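Raw contents of target-v7.cif, mmCIF, C-alpha atoms:
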```
data_work
loop_
_atom_site.label_atom_id
_atom_site.label_comp_id
_atom_site.auth_asym_id
_atom_site.auth_seq_id
_atom_site.Cartn_x
_atom_site.Cartn_y
_atom_site.Cartn_z
CA MET A 1 18.14 62.51 68.77
CA LYS A 2 17.03 61.90 72.38
CA ARG A 3 13.71 60.53 73.41
CA ALA A 4 12.68 59.65 76.99
CA GLY A 5 16.28 59.48 78.15
CA GLN A 6 17.40 57.18 75.34
CA GLU A 7 19.79 57.91 72.54
CA VAL A 8 19.12 56.84 68.97
CA VAL A 9 22.46 56.63 67.19
CA ALA A 10 22.87 56.96 63.46
CA GLY A 11 26.08 56.52 61.51
CA THR A 12 29.35 54.92 62.68
CA GLU A 13 29.93 53.24 66.06
CA ALA A 14 32.94 53.64 68.32
CA PRO A 15 35.72 51.03 67.99
CA GLY A 16 35.18 48.05 70.26
CA THR A 17 31.45 48.56 70.63
CA SER A 18 29.77 45.18 71.04
CA GLN A 19 26.89 43.97 68.88
CA THR A 20 24.69 43.84 71.99
CA SER A 21 25.53 47.42 72.85
CA LYS A 22 24.76 48.51 69.28
CA LYS A 23 21.33 46.89 69.42
CA GLN A 24 20.58 48.64 72.68
CA LYS A 25 21.44 52.00 71.15
CA THR A 26 19.46 51.54 67.96
CA SER A 27 16.36 50.11 69.61
CA LEU A 28 13.48 51.90 71.26
CA HIS A 29 12.34 50.31 74.54
CA ASP A 30 9.20 50.83 76.55
CA PRO A 31 10.53 51.92 79.96
CA GLY A 32 7.65 50.09 81.66
CA PHE A 33 8.81 46.63 80.57
CA GLY A 34 11.95 44.62 80.57
CA GLU A 35 14.32 44.65 77.59
CA SER A 36 14.05 40.89 77.25
CA ASP A 37 10.44 41.10 76.04
CA PRO A 38 10.63 40.76 72.20
CA CYS A 39 7.40 42.73 71.81
CA THR A 40 8.94 45.82 73.39
CA SER A 41 12.22 45.93 71.50
CA MET A 42 12.62 46.63 67.80
CA ASP A 43 15.47 47.60 65.53
CA TRP A 44 13.73 50.49 63.72
CA GLY A 45 16.65 50.91 61.34
CA SER A 46 16.08 47.48 59.81
CA LEU A 47 12.42 47.99 58.90
CA PRO A 48 11.65 47.35 55.21
CA HIS A 49 11.65 50.41 52.98
CA HIS A 50 7.95 50.10 52.17
CA VAL A 51 7.03 50.09 55.88
CA ILE A 52 9.12 53.19 56.62
CA LEU A 53 7.67 54.86 53.55
CA ARG A 54 4.14 54.18 54.82
CA VAL A 55 5.03 55.68 58.21
CA PHE A 56 6.52 58.78 56.54
CA GLN A 57 3.32 59.30 54.55
CA PHE A 58 1.41 59.87 57.79
CA LEU A 59 3.88 62.42 59.15
CA THR A 60 3.79 66.17 58.71
CA LEU A 61 6.59 67.59 56.63
CA VAL A 62 8.46 68.87 59.69
CA ASP A 63 8.24 65.51 61.49
CA ARG A 64 9.20 63.72 58.30
CA ALA A 65 12.33 65.85 57.98
CA ARG A 66 13.23 65.20 61.62
CA ALA A 67 12.69 61.47 61.22
CA SER A 68 15.02 61.45 58.22
CA SER A 69 17.94 62.26 60.56
CA VAL A 70 17.44 59.13 62.68
CA CYS A 71 19.69 56.97 60.51
CA ARG A 72 21.01 56.54 57.00
CA ARG A 73 18.23 54.11 56.02
CA TRP A 74 15.49 56.53 57.07
CA ASN A 75 17.22 59.32 55.20
CA GLU A 76 17.21 57.17 52.06
CA VAL A 77 13.47 56.63 52.41
CA PHE A 78 12.99 60.37 52.93
CA HIS A 79 14.18 60.89 49.34
CA ILE A 80 12.26 58.06 47.67
CA PRO A 81 10.37 59.65 44.72
CA ASP A 82 7.04 58.13 45.77
CA LEU A 83 7.10 60.28 48.90
CA TRP A 84 7.21 63.47 46.82
CA ARG A 85 4.46 62.80 44.30
CA ARG A 86 1.98 64.78 46.44
CA PHE A 87 3.15 67.95 48.17
CA GLU A 88 1.66 71.13 49.61
CA PHE A 89 3.80 74.25 49.95
CA GLU A 90 2.65 76.33 52.91
CA LEU A 91 3.76 79.94 52.65
CA SER A 92 2.94 82.52 55.30
CA GLN A 93 4.33 85.51 57.13
CA PRO A 94 4.59 85.29 60.96
CA ALA A 95 2.97 88.68 61.41
CA THR A 96 -0.12 87.92 59.30
CA SER A 97 -0.81 84.22 59.68
CA TYR A 98 -1.26 81.36 62.12
CA LEU A 99 -0.10 78.83 59.49
CA LYS A 100 3.21 77.06 59.72
CA SER A 101 5.35 77.92 56.75
CA THR A 102 7.47 75.46 54.80
CA HIS A 103 11.10 76.29 55.64
CA PRO A 104 12.95 78.02 52.75
CA ASP A 105 15.91 75.63 52.99
CA LEU A 106 13.61 72.65 52.67
CA ILE A 107 11.87 74.25 49.68
CA GLN A 108 15.20 74.62 47.91
CA GLN A 109 16.10 71.01 48.71
CA ILE A 110 12.76 69.86 47.27
CA ILE A 111 13.24 71.89 44.10
CA LYS A 112 16.81 70.64 43.69
CA ARG A 113 16.16 66.94 44.33
CA HIS A 114 12.46 66.34 43.72
CA ALA A 115 11.09 68.83 41.20
CA ASP A 116 10.79 66.08 38.59
CA HIS A 117 8.92 63.85 41.08
CA LEU A 118 6.19 66.35 42.01
CA GLN A 119 2.84 65.43 40.47
CA TYR A 120 0.05 66.61 42.80
CA VAL A 121 1.05 70.06 44.01
CA SER A 122 -0.77 72.81 45.87
CA PHE A 123 0.29 76.15 47.30
CA LYS A 124 -1.46 77.39 50.45
CA VAL A 125 -0.76 81.06 51.11
CA ASP A 126 -1.99 83.54 53.69
CA SER A 127 -3.30 87.04 53.01
CA SER A 128 0.10 88.66 52.50
CA THR A 129 1.42 89.66 49.08
CA GLU A 130 4.87 88.37 50.08
CA SER A 131 3.54 84.82 50.44
CA ALA A 132 1.83 84.92 47.05
CA GLU A 133 4.99 86.25 45.42
CA ALA A 134 7.03 83.50 47.10
CA ALA A 135 4.64 80.94 45.60
CA CYS A 136 5.19 82.46 42.15
CA ASP A 137 8.96 82.29 42.67
CA ILE A 138 8.71 78.56 43.42
CA LEU A 139 6.48 77.96 40.39
CA SER A 140 9.09 79.69 38.23
CA GLN A 141 11.70 77.13 39.33
CA LEU A 142 9.69 74.02 38.43
CA VAL A 143 11.26 73.71 34.99
CA ASN A 144 11.72 69.93 35.23
CA CYS A 145 8.30 69.18 36.64
CA SER A 146 5.68 66.73 35.43
CA ILE A 147 2.77 68.08 37.46
CA LYS A 148 -0.66 66.52 36.98
CA THR A 149 -2.71 68.61 39.43
CA LEU A 150 -2.08 72.18 40.54
CA GLY A 151 -3.94 74.16 43.19
CA LEU A 152 -3.42 77.74 44.37
CA ILE A 153 -5.22 78.35 47.66
CA SER A 154 -5.59 81.65 49.51
CA THR A 155 -6.57 80.95 53.11
CA ALA A 156 -7.85 84.48 53.72
CA LYS A 157 -8.34 87.32 51.25
CA PRO A 158 -7.05 86.39 47.77
CA SER A 159 -3.42 87.49 48.01
CA PHE A 160 -2.56 86.24 44.51
CA MET A 161 -4.60 89.16 43.18
CA ASN A 162 -1.97 91.50 44.64
CA VAL A 163 0.80 89.97 42.53
CA SER A 164 1.50 91.70 39.24
CA LYS A 165 -0.21 90.00 36.30
CA ALA A 166 3.11 89.70 34.45
CA HIS A 167 4.82 87.98 37.40
CA PHE A 168 1.94 85.58 37.94
CA ALA A 169 1.55 84.74 34.24
CA SER A 170 5.29 84.16 33.84
CA ALA A 171 5.39 81.76 36.80
CA LEU A 172 2.31 79.85 35.71
CA THR A 173 3.58 79.57 32.14
CA VAL A 174 6.64 77.65 33.39
CA VAL A 175 4.37 74.93 34.76
CA PHE A 176 2.00 74.97 31.77
CA VAL A 177 4.88 74.59 29.29
CA ASN A 178 6.94 72.00 31.14
CA SER A 179 4.32 69.69 32.63
CA LYS A 180 2.66 68.46 29.40
CA SER A 181 0.24 66.30 31.47
CA LEU A 182 -1.85 68.67 33.58
CA SER A 183 -5.26 67.15 34.29
CA SER A 184 -6.59 69.29 37.17
CA ILE A 185 -6.10 73.02 37.80
CA LYS A 186 -7.72 74.98 40.64
CA ILE A 187 -6.71 78.63 40.47
CA ASP A 188 -9.57 80.73 41.81
CA ASP A 189 -9.02 84.40 42.72
CA THR A 190 -5.89 84.88 40.63
CA PRO A 191 -4.73 87.24 37.84
CA LEU A 192 -4.91 84.43 35.27
CA ASP A 193 -5.37 85.85 31.77
CA ASP A 194 -6.22 84.74 28.23
CA PRO A 195 -2.61 84.38 26.98
CA SER A 196 -1.89 82.04 29.91
CA LEU A 197 -4.89 79.92 28.99
CA LYS A 198 -3.64 79.68 25.42
CA VAL A 199 -0.30 78.37 26.71
CA LEU A 200 -2.15 75.86 28.88
CA VAL A 201 -4.18 74.65 25.90
CA ALA A 202 -1.17 74.44 23.60
CA ASN A 203 0.67 72.12 25.97
CA ASN A 204 -2.02 70.19 27.85
CA SER A 205 -5.12 70.02 25.63
CA ASP A 206 -5.10 66.20 25.58
CA THR A 207 -4.91 65.78 29.36
CA LEU A 208 -6.91 68.61 30.96
CA LYS A 209 -10.04 67.29 32.72
CA LEU A 210 -10.79 69.85 35.46
CA LEU A 211 -10.45 73.64 35.34
CA LYS A 212 -11.63 75.69 38.32
CA MET A 213 -11.06 79.40 37.80
CA SER A 214 -13.79 81.46 39.43
CA SER A 215 -13.02 85.11 40.20
CA CYS A 216 -10.33 85.53 37.56
CA PRO A 217 -11.21 89.00 36.20
CA HIS A 218 -8.55 89.02 33.45
CA VAL A 219 -10.06 86.00 31.68
CA SER A 220 -12.55 86.85 28.93
CA PRO A 221 -15.27 84.69 27.34
CA ALA A 222 -12.93 84.25 24.37
CA GLY A 223 -10.23 82.81 26.65
CA ILE A 224 -12.47 80.15 28.17
CA LEU A 225 -13.97 79.41 24.75
CA CYS A 226 -10.45 78.58 23.55
CA VAL A 227 -10.24 75.98 26.34
CA ALA A 228 -13.62 74.46 25.51
CA ASP A 229 -12.84 74.34 21.78
CA GLN A 230 -9.55 72.48 22.17
CA CYS A 231 -9.63 70.57 25.48
CA HIS A 232 -12.05 67.86 24.42
CA GLY A 233 -11.49 65.78 27.55
CA LEU A 234 -12.68 68.52 29.91
CA LYS A 235 -15.14 67.00 32.42
CA GLU A 236 -15.38 69.63 35.19
CA LEU A 237 -15.46 73.39 34.83
CA ALA A 238 -15.96 76.20 37.38
CA LEU A 239 -16.19 79.83 36.30
CA ASN A 240 -17.95 83.13 36.85
CA TYR A 241 -21.23 83.84 35.10
CA TYR A 242 -19.77 86.76 33.14
CA ILE A 243 -17.62 84.25 31.21
CA LEU A 244 -20.54 81.94 30.47
CA SER A 245 -21.87 82.28 26.93
CA ASP A 246 -24.02 80.48 24.40
CA GLU A 247 -20.87 79.83 22.34
CA LEU A 248 -19.18 78.19 25.32
CA LEU A 249 -22.11 75.84 26.00
CA LEU A 250 -22.28 74.88 22.32
CA ALA A 251 -18.53 74.19 22.27
CA LEU A 252 -18.93 71.90 25.30
CA SER A 253 -21.76 70.17 23.40
CA SER A 254 -19.82 69.38 20.23
CA GLU A 255 -19.56 65.78 19.06
CA LYS A 256 -15.82 65.61 19.70
CA HIS A 257 -16.17 66.78 23.31
CA VAL A 258 -16.55 64.23 26.14
CA ASP A 259 -19.61 64.37 28.37
CA LEU A 260 -19.29 67.22 30.85
CA GLU A 261 -19.86 65.96 34.42
CA HIS A 262 -19.84 69.13 36.49
CA LEU A 263 -20.37 72.79 35.60
CA ARG A 264 -20.19 75.30 38.47
CA ILE A 265 -21.24 78.91 37.87
CA ASP A 266 -20.71 81.71 40.41
CA VAL A 267 -23.12 84.62 39.94
CA VAL A 268 -21.69 87.43 42.05
CA SER A 269 -22.42 91.12 42.49
CA GLU A 270 -20.54 93.30 44.96
CA ASN A 271 -22.44 96.55 44.39
CA PRO A 272 -26.20 96.53 43.81
CA GLY A 273 -27.32 97.66 40.39
CA GLN A 274 -23.82 98.01 38.91
CA VAL A 275 -23.79 94.70 37.03
CA GLN A 276 -25.97 93.98 34.00
CA PHE A 277 -26.30 90.22 33.63
CA HIS A 278 -26.73 88.73 30.19
CA THR A 279 -29.17 85.97 29.22
CA ILE A 280 -28.24 82.45 28.14
CA LYS A 281 -30.56 81.00 25.50
CA LYS A 282 -32.65 77.94 26.28
CA GLN A 283 -31.37 76.31 23.07
CA SER A 284 -27.81 76.46 24.39
CA TRP A 285 -28.77 74.84 27.71
CA ASP A 286 -30.73 72.18 25.83
CA ALA A 287 -27.74 71.40 23.60
CA LEU A 288 -25.51 70.86 26.66
CA VAL A 289 -27.99 68.52 28.35
CA ARG A 290 -28.57 66.51 25.15
CA HIS A 291 -24.83 66.02 24.84
CA SER A 292 -24.19 65.44 28.57
CA PRO A 293 -27.49 64.20 30.05
CA LYS A 294 -25.99 63.50 33.51
CA VAL A 295 -24.21 66.84 33.91
CA ASN A 296 -24.52 68.59 37.28
CA ILE A 297 -25.06 72.32 36.79
CA VAL A 298 -24.37 74.15 40.04
CA MET A 299 -25.13 77.84 40.47
CA TYR A 300 -24.09 79.98 43.45
CA PHE A 301 -25.93 83.31 43.66
CA PHE A 302 -24.66 86.28 45.63
CA LEU A 303 -26.94 88.97 44.20
CA TYR A 304 -29.28 91.64 45.47
CA GLU A 305 -33.00 91.08 44.90
CA ASP A 306 -33.34 93.53 42.02
CA GLU A 307 -30.55 91.80 40.05
CA PHE A 308 -32.30 88.44 39.49
CA ASP A 309 -34.50 89.63 36.65
CA VAL A 310 -32.78 87.75 33.77
CA PHE A 311 -32.59 84.37 35.53
CA PHE A 312 -35.00 81.42 35.26
CA ARG A 313 -37.53 83.11 32.98
CA GLU A 314 -37.22 80.03 30.75
CA GLU A 315 -36.54 76.41 31.56
CA THR A 316 -32.99 76.04 32.91
CA PRO A 317 -31.35 72.64 33.55
CA VAL A 318 -29.71 73.67 36.84
CA THR A 319 -29.35 70.83 39.39
CA HIS A 320 -27.95 72.60 42.47
CA LEU A 321 -28.93 76.11 43.56
CA TYR A 322 -27.42 78.11 46.43
CA PHE A 323 -28.65 81.60 47.32
CA GLY A 324 -26.23 83.38 49.64
CA ARG A 325 -28.35 86.52 49.91
CA ALA A 326 -32.08 87.23 50.10
CA VAL A 327 -34.15 85.94 47.20
CA SER A 328 -37.75 86.94 46.48
CA LYS A 329 -40.92 84.83 46.47
CA ALA A 330 -41.25 85.56 42.77
CA MET A 331 -37.80 84.10 42.05
CA LEU A 332 -38.57 80.94 44.03
CA GLY A 333 -41.80 80.68 42.06
CA ARG A 334 -39.82 80.77 38.81
CA ILE A 335 -37.55 78.03 40.11
CA GLY A 336 -40.57 75.83 40.75
CA MET A 337 -41.78 76.47 37.22
CA ASN A 338 -38.53 76.30 35.23
CA CYS A 339 -35.98 74.06 37.01
CA PRO A 340 -37.26 70.47 36.53
CA ARG A 341 -33.77 68.95 37.03
CA LEU A 342 -33.28 70.55 40.45
CA ILE A 343 -31.64 68.23 43.02
CA GLU A 344 -30.60 70.61 45.80
CA LEU A 345 -31.88 74.02 46.89
CA VAL A 346 -30.43 76.21 49.66
CA VAL A 347 -32.01 79.58 50.49
CA CYS A 348 -30.13 81.55 53.13
CA ALA A 349 -32.72 84.34 53.38
CA ASN A 350 -36.05 85.46 51.96
CA GLY A 351 -37.90 87.91 54.12
CA LEU A 352 -41.10 87.84 56.14
CA GLN A 353 -43.51 86.32 53.62
CA PRO A 354 -44.41 82.62 54.03
CA LEU A 355 -43.10 80.44 51.20
CA ASP A 356 -45.75 77.70 51.41
CA ASP A 357 -47.00 77.98 47.83
CA GLU A 358 -43.50 78.23 46.36
CA LEU A 359 -42.24 75.14 48.22
CA ILE A 360 -45.29 73.10 47.25
CA GLN A 361 -44.81 74.07 43.60
CA ILE A 362 -41.13 73.05 43.81
CA ALA A 363 -42.16 69.70 45.31
CA GLU A 364 -44.70 69.16 42.50
CA ARG A 365 -42.46 69.99 39.55
CA CYS A 366 -38.91 69.20 40.75
CA LYS A 367 -39.17 65.43 40.90
CA ASN A 368 -35.43 64.96 41.48
CA LEU A 369 -35.22 67.19 44.57
CA THR A 370 -33.39 65.35 47.36
CA ALA A 371 -31.88 68.17 49.46
CA MET A 372 -33.34 71.38 50.89
CA GLY A 373 -31.98 74.05 53.21
CA LEU A 374 -33.80 77.14 54.50
CA GLY A 375 -32.28 79.93 56.58
CA GLU A 376 -33.91 83.25 57.39
CA CYS A 377 -37.28 82.47 55.77
CA GLU A 378 -40.82 81.76 56.91
CA VAL A 379 -42.96 78.68 56.26
CA THR A 380 -46.11 77.64 58.10
CA CYS A 381 -46.00 74.24 59.76
CA ARG A 382 -48.96 73.12 57.61
CA GLY A 383 -47.25 74.22 54.40
CA PHE A 384 -43.94 72.63 55.39
CA ILE A 385 -45.56 69.29 56.18
CA GLU A 386 -47.37 69.36 52.82
CA PHE A 387 -44.02 69.98 51.09
CA VAL A 388 -42.36 67.08 52.93
CA LYS A 389 -45.33 64.81 52.28
CA MET A 390 -45.08 65.44 48.54
CA CYS A 391 -41.31 64.83 48.46
CA GLY A 392 -41.37 61.86 50.83
CA GLY A 393 -38.36 59.68 51.50
CA ARG A 394 -36.37 61.06 48.55
CA LEU A 395 -35.46 64.07 50.76
CA THR A 396 -32.16 62.71 52.03
CA GLN A 397 -31.08 66.12 53.40
CA LEU A 398 -33.47 68.55 55.08
CA SER A 399 -31.86 71.38 57.01
CA ILE A 400 -34.39 73.90 58.31
CA MET A 401 -33.76 76.39 61.11
CA GLU A 402 -36.35 76.17 63.86
CA GLU A 403 -37.08 79.91 63.54
CA VAL A 404 -38.29 79.35 59.96
CA LEU A 405 -41.33 77.33 60.99
CA ILE A 406 -44.51 79.19 62.01
CA PRO A 407 -46.89 77.22 64.26
CA ASP A 408 -50.54 77.26 63.13
CA SER A 409 -53.91 75.94 64.32
CA ASP A 410 -53.15 72.43 62.99
CA TYR A 411 -49.55 71.86 64.03
CA SER A 412 -47.30 72.85 66.89
CA LEU A 413 -43.52 72.45 66.63
CA ASP A 414 -43.70 69.37 68.88
CA ARG A 415 -46.21 67.67 66.61
CA LEU A 416 -44.44 68.87 63.47
CA HIS A 417 -41.24 66.88 63.98
CA LEU A 418 -43.25 63.67 64.49
CA GLU A 419 -45.26 64.27 61.33
CA VAL A 420 -42.21 65.15 59.24
CA SER A 421 -40.31 62.12 60.59
CA LYS A 422 -43.20 59.88 59.50
CA HIS A 423 -43.10 61.12 55.90
CA LEU A 424 -39.29 61.02 55.69
CA GLY A 425 -39.09 57.53 57.14
CA ARG A 426 -36.50 58.59 59.71
CA MET A 427 -36.28 60.73 62.84
CA TRP A 428 -36.05 64.43 62.05
CA PHE A 429 -35.79 67.64 64.07
CA PRO A 430 -35.41 71.29 62.99
CA ASP A 431 -31.85 72.62 63.15
CA MET A 432 -30.76 75.06 65.79
CA MET A 433 -28.11 76.14 63.30
CA PRO A 434 -28.02 75.33 59.58
CA THR A 435 -25.73 72.46 58.56
CA TRP A 436 -24.86 73.83 55.12
#
```

Could you rewrite the structure in this file as structure tokens?
Amino acid sequence: MKRAGQEVVAGTEAPGTSQTSKKQKTSLHDPGFGESDPCTSMDWGSLPHHVILRVFQFLTLVDRARASSVCRRWNEVFHIPDLWRRFEFELSQPATSYLKSTHPDLIQQIIKRHADHLQYVSFKVDSSTESAEAACDILSQLVNCSIKTLGLISTAKPSFMNVSKAHFASALTVVFVNSKSLSSIKIDDTPLDDPSLKVLVANNSDTLKLLKMSSCPHVSPAGILCVADQCHGLKELALNYYILSDELLLALSSEKHVDLEHLRIDVVSENPGQVQFHTIKKQSWDALVRHSPKVNIVMYFFLYEDEFDVFFREETPVTHLYFGRAVSKAMLGRIGMNCPRLIELVVCANGLQPLDDELIQIAERCKNLTAMGLGECEVTCRGFIEFVKMCGGRLTQLSIMEEVLIPDSDYSLDRLHLEVSKHLGRMWFPDMMPTW
């Protein structure tokens, strides 16, 4: 391998080559200094294994593979098991992606030599079906694996959904059966189904701590209930609202189950009026919070205004609320009345009606609120200052677009930022663009 006119030689040396000559060939010199300076000359091939290993950990896979050809010692380090505990397969098609793809030959070498070393594995695929199918083919070959965390990531539209359910389930089952120690699984937007979850539970019920599986339409409430019933160490769970049930919350609240730390719920509707959302009983929410008093309950809403009817009519222990579409004044009023545990609220849009009363009610009743974000909404400067005054310094995050604030007879925008800064205890300005 040549670099800046020098040759780095690996392997055998020619007969008669002197020791001095060998050192010159296996050392890298700064061309701006003399070779006699000990600070500018180093025999890279004699570095300790742990130092080379640390260097390799900072390199991309391609650079790591190239570096392994420098000399025999570096090639040995390239295959140290510790270097293959954490690995991301990048799979893409040149015509549909800007991502660099992991070379097929290298993938086969990894499977052949390091499948039993892989522990923290993710697959990053582009929008093509071919890439998702290639990921399934690799999963099917991990028969000697001991994976602890698995992530399937679609960088664009969810290409795993284009793979046949049978192919996907078969590939995933290989990992579920052979790993025996899976603790974290992130498989959003995939054709995961109930039988696959049963295999997961049968082989990893004692180790599973995190399951993130939003937008998996082939999973039923019964499938996720099976996980909650038998995976008693589960601490983090992410799922779609249609899977959420009273039975699931009660299962997560049983005496034998550990305290749940994080529950994320995606409430999504693609076509207005076509989804009928069910109601979760207050008693079920109460049981979960009694069992896991510190649980974060995060809800992402992507609904149309007329679809919110069943939500927040009773007290709900949600802690983080994100509204990706317009939400009515009436809904924000319900949040102020029925979400006493609320920590963070983000409203991307509301309409052209000032939200002064709703924000003030939220400030009065949501004593844990520390973060607020407002997008395409309207609030008078007077009302906004009253909200901030009531919350005070506990508002650690306040992201408000400048267009949201309506000047009134008491406050201009110039005076507003000084007044808000005073109540927050730090300098604050409205955002030109939202930071969330």

Just want the 12 Å neighbourhood of Lys389 (chain A), counted on all atoms listed in the file, with same-chain residues fewer than 2 positions away dropped. Output as an mmCIF file with C-alpha atoms, keeping the file's coordinate frame.
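See selection-v9.cif below for the written result:
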```cif
data_model
loop_
_atom_site.group_PDB
_atom_site.id
_atom_site.type_symbol
_atom_site.label_atom_id
_atom_site.label_comp_id
_atom_site.auth_asym_id
_atom_site.auth_seq_id
_atom_site.Cartn_x
_atom_site.Cartn_y
_atom_site.Cartn_z
ATOM 1 C CA LEU A 359 -42.240 75.140 48.220
ATOM 2 C CA ILE A 360 -45.290 73.100 47.250
ATOM 3 C CA ALA A 363 -42.160 69.700 45.310
ATOM 4 C CA GLU A 364 -44.700 69.160 42.500
ATOM 5 C CA ARG A 382 -48.960 73.120 57.610
ATOM 6 C CA GLY A 383 -47.250 74.220 54.400
ATOM 7 C CA PHE A 384 -43.940 72.630 55.390
ATOM 8 C CA ILE A 385 -45.560 69.290 56.180
ATOM 9 C CA GLU A 386 -47.370 69.360 52.820
ATOM 10 C CA PHE A 387 -44.020 69.980 51.090
ATOM 11 C CA CYS A 391 -41.310 64.830 48.460
ATOM 12 C CA GLY A 392 -41.370 61.860 50.830
ATOM 13 C CA GLY A 393 -38.360 59.680 51.500
ATOM 14 C CA ARG A 394 -36.370 61.060 48.550
ATOM 15 C CA LEU A 395 -35.460 64.070 50.760
ATOM 16 C CA LEU A 416 -44.440 68.870 63.470
ATOM 17 C CA GLU A 419 -45.260 64.270 61.330
ATOM 18 C CA VAL A 420 -42.210 65.150 59.240
ATOM 19 C CA SER A 421 -40.310 62.120 60.590
ATOM 20 C CA LYS A 422 -43.200 59.880 59.500
ATOM 21 C CA HIS A 423 -43.100 61.120 55.900
ATOM 22 C CA LEU A 424 -39.290 61.020 55.690
ATOM 23 C CA GLY A 425 -39.090 57.530 57.140
#
```

Could you state which residues are captured by the PyMOL selection byres ((chain A and resi 239-256) around 9) in this file, as JSON, numbers by chain? {"A": [188, 211, 212, 213, 214, 215, 216, 217, 219, 220, 221, 222, 223, 224, 225, 226, 228, 229, 232, 233, 234, 237, 238, 257, 258, 259, 260, 263, 264, 265, 266, 267, 268, 277, 278, 279, 280, 281, 283, 284, 285, 287, 288, 289, 290, 291, 292, 299]}

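Residues with any atom within 8 Å of Thr173 (chain A), counting only C-alpha atoms and excluding same-chain neighbours fewer than 6 positions away, are Ser196, Val199 and Leu200 of chain A.
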
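Computed from the coordinates, the CA of Asn204 (chain A) to CA of Ser154 (chain A) distance equals 24.8 Å.
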
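Residues matched by the PyMOL selection byres ((chain A and resi 180) around 10) in this file: Cys145, Ser146, Ile147, Lys148, Val175, Phe176, Val177, Asn178, Ser179, Ser181, Leu182, Ser183, Leu200, Val201, Ala202, Asn203, Asn204, Ser205, Asp206, Thr207 and Leu208 of chain A.
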
Restrict the selected residues to C-alpha atoms and save them as an mmCIF file, in the frame of the given file.
```cif
data_model
loop_
_atom_site.group_PDB
_atom_site.id
_atom_site.type_symbol
_atom_site.label_atom_id
_atom_site.label_comp_id
_atom_site.auth_asym_id
_atom_site.auth_seq_id
_atom_site.Cartn_x
_atom_site.Cartn_y
_atom_site.Cartn_z
ATOM 1 C CA CYS A 145 8.300 69.180 36.640
ATOM 2 C CA SER A 146 5.680 66.730 35.430
ATOM 3 C CA ILE A 147 2.770 68.080 37.460
ATOM 4 C CA LYS A 148 -0.660 66.520 36.980
ATOM 5 C CA VAL A 175 4.370 74.930 34.760
ATOM 6 C CA PHE A 176 2.000 74.970 31.770
ATOM 7 C CA VAL A 177 4.880 74.590 29.290
ATOM 8 C CA ASN A 178 6.940 72.000 31.140
ATOM 9 C CA SER A 179 4.320 69.690 32.630
ATOM 10 C CA SER A 181 0.240 66.300 31.470
ATOM 11 C CA LEU A 182 -1.850 68.670 33.580
ATOM 12 C CA SER A 183 -5.260 67.150 34.290
ATOM 13 C CA LEU A 200 -2.150 75.860 28.880
ATOM 14 C CA VAL A 201 -4.180 74.650 25.900
ATOM 15 C CA ALA A 202 -1.170 74.440 23.600
ATOM 16 C CA ASN A 203 0.670 72.120 25.970
ATOM 17 C CA ASN A 204 -2.020 70.190 27.850
ATOM 18 C CA SER A 205 -5.120 70.020 25.630
ATOM 19 C CA ASP A 206 -5.100 66.200 25.580
ATOM 20 C CA THR A 207 -4.910 65.780 29.360
ATOM 21 C CA LEU A 208 -6.910 68.610 30.960
#
```

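Atom pair CA of Glu378 (chain A) / CA of Leu345 (chain A): separated by 15.5 Å.
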
Please indicate the distance in Å from CA of Glu261 (chain A) to CA of Gln230 (chain A), rounded to one decimal place. 17.3 Å

Skip Leu172 (chain A) itself and residues of its chain fewer than 6 positions away, then list as number ranges by chain all residues within 8 Å of it, counting all atoms listed in the file. A: 136, 139-140, 196

Skip Leu91 (chain A) itself and residues of its chain fewer than 6 positions away, then list as a ChimeraX atom specification all residues within 7 Å of it, counting only C-alpha atoms. /A:101-102,124-126,131

Close residues, Thr396 (chain A) itself excluded, 9 Å, only C-alpha atoms, min 6 positions apart in chain, as a ChimeraX atom specification: /A:370-372,424

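The residue that comes closest to Ala132 (chain A), out of A:Ser170, A:Ser69, A:Ser164, A:Thr319 and on the basis of only C-alpha atoms, is A:Ser164.
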
Running the PyMOL selection byres ((chain A and resi 74) around 10) on this model by hand, what would come out? Give it as a compact mmCIF listing (two decimals) with C-alpha atoms, in the frame of the given file.
```txt
# COMPACT_ATOMS: atom_id res chain seq x y z
CA ALA A 10 22.87 56.96 63.46
CA TRP A 44 13.73 50.49 63.72
CA GLY A 45 16.65 50.91 61.34
CA SER A 46 16.08 47.48 59.81
CA LEU A 47 12.42 47.99 58.90
CA HIS A 49 11.65 50.41 52.98
CA ILE A 52 9.12 53.19 56.62
CA LEU A 53 7.67 54.86 53.55
CA PHE A 56 6.52 58.78 56.54
CA ARG A 64 9.20 63.72 58.30
CA ALA A 65 12.33 65.85 57.98
CA ALA A 67 12.69 61.47 61.22
CA SER A 68 15.02 61.45 58.22
CA SER A 69 17.94 62.26 60.56
CA VAL A 70 17.44 59.13 62.68
CA CYS A 71 19.69 56.97 60.51
CA ARG A 72 21.01 56.54 57.00
CA ARG A 73 18.23 54.11 56.02
CA ASN A 75 17.22 59.32 55.20
CA GLU A 76 17.21 57.17 52.06
CA VAL A 77 13.47 56.63 52.41
CA PHE A 78 12.99 60.37 52.93
CA HIS A 79 14.18 60.89 49.34
```

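Between His50 (chain A) and the residues A:Ala166, A:Leu83, A:Val346, A:Arg66, the shortest atom-to-atom distance, using only C-alpha atoms, involves A:Leu83.
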
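With only C-alpha atoms as the atoms that count, the residue of A:Ala330, A:Ala349, A:Val318, A:Leu369 with the shortest distance to Glu403 (chain A) is A:Ala349.
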
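Taking all atoms listed in the file into account, Phe89 (chain A) lies nearest to A:Ile138 out of the set A:Ile185, A:Asn338, A:Ile138, A:Pro48.
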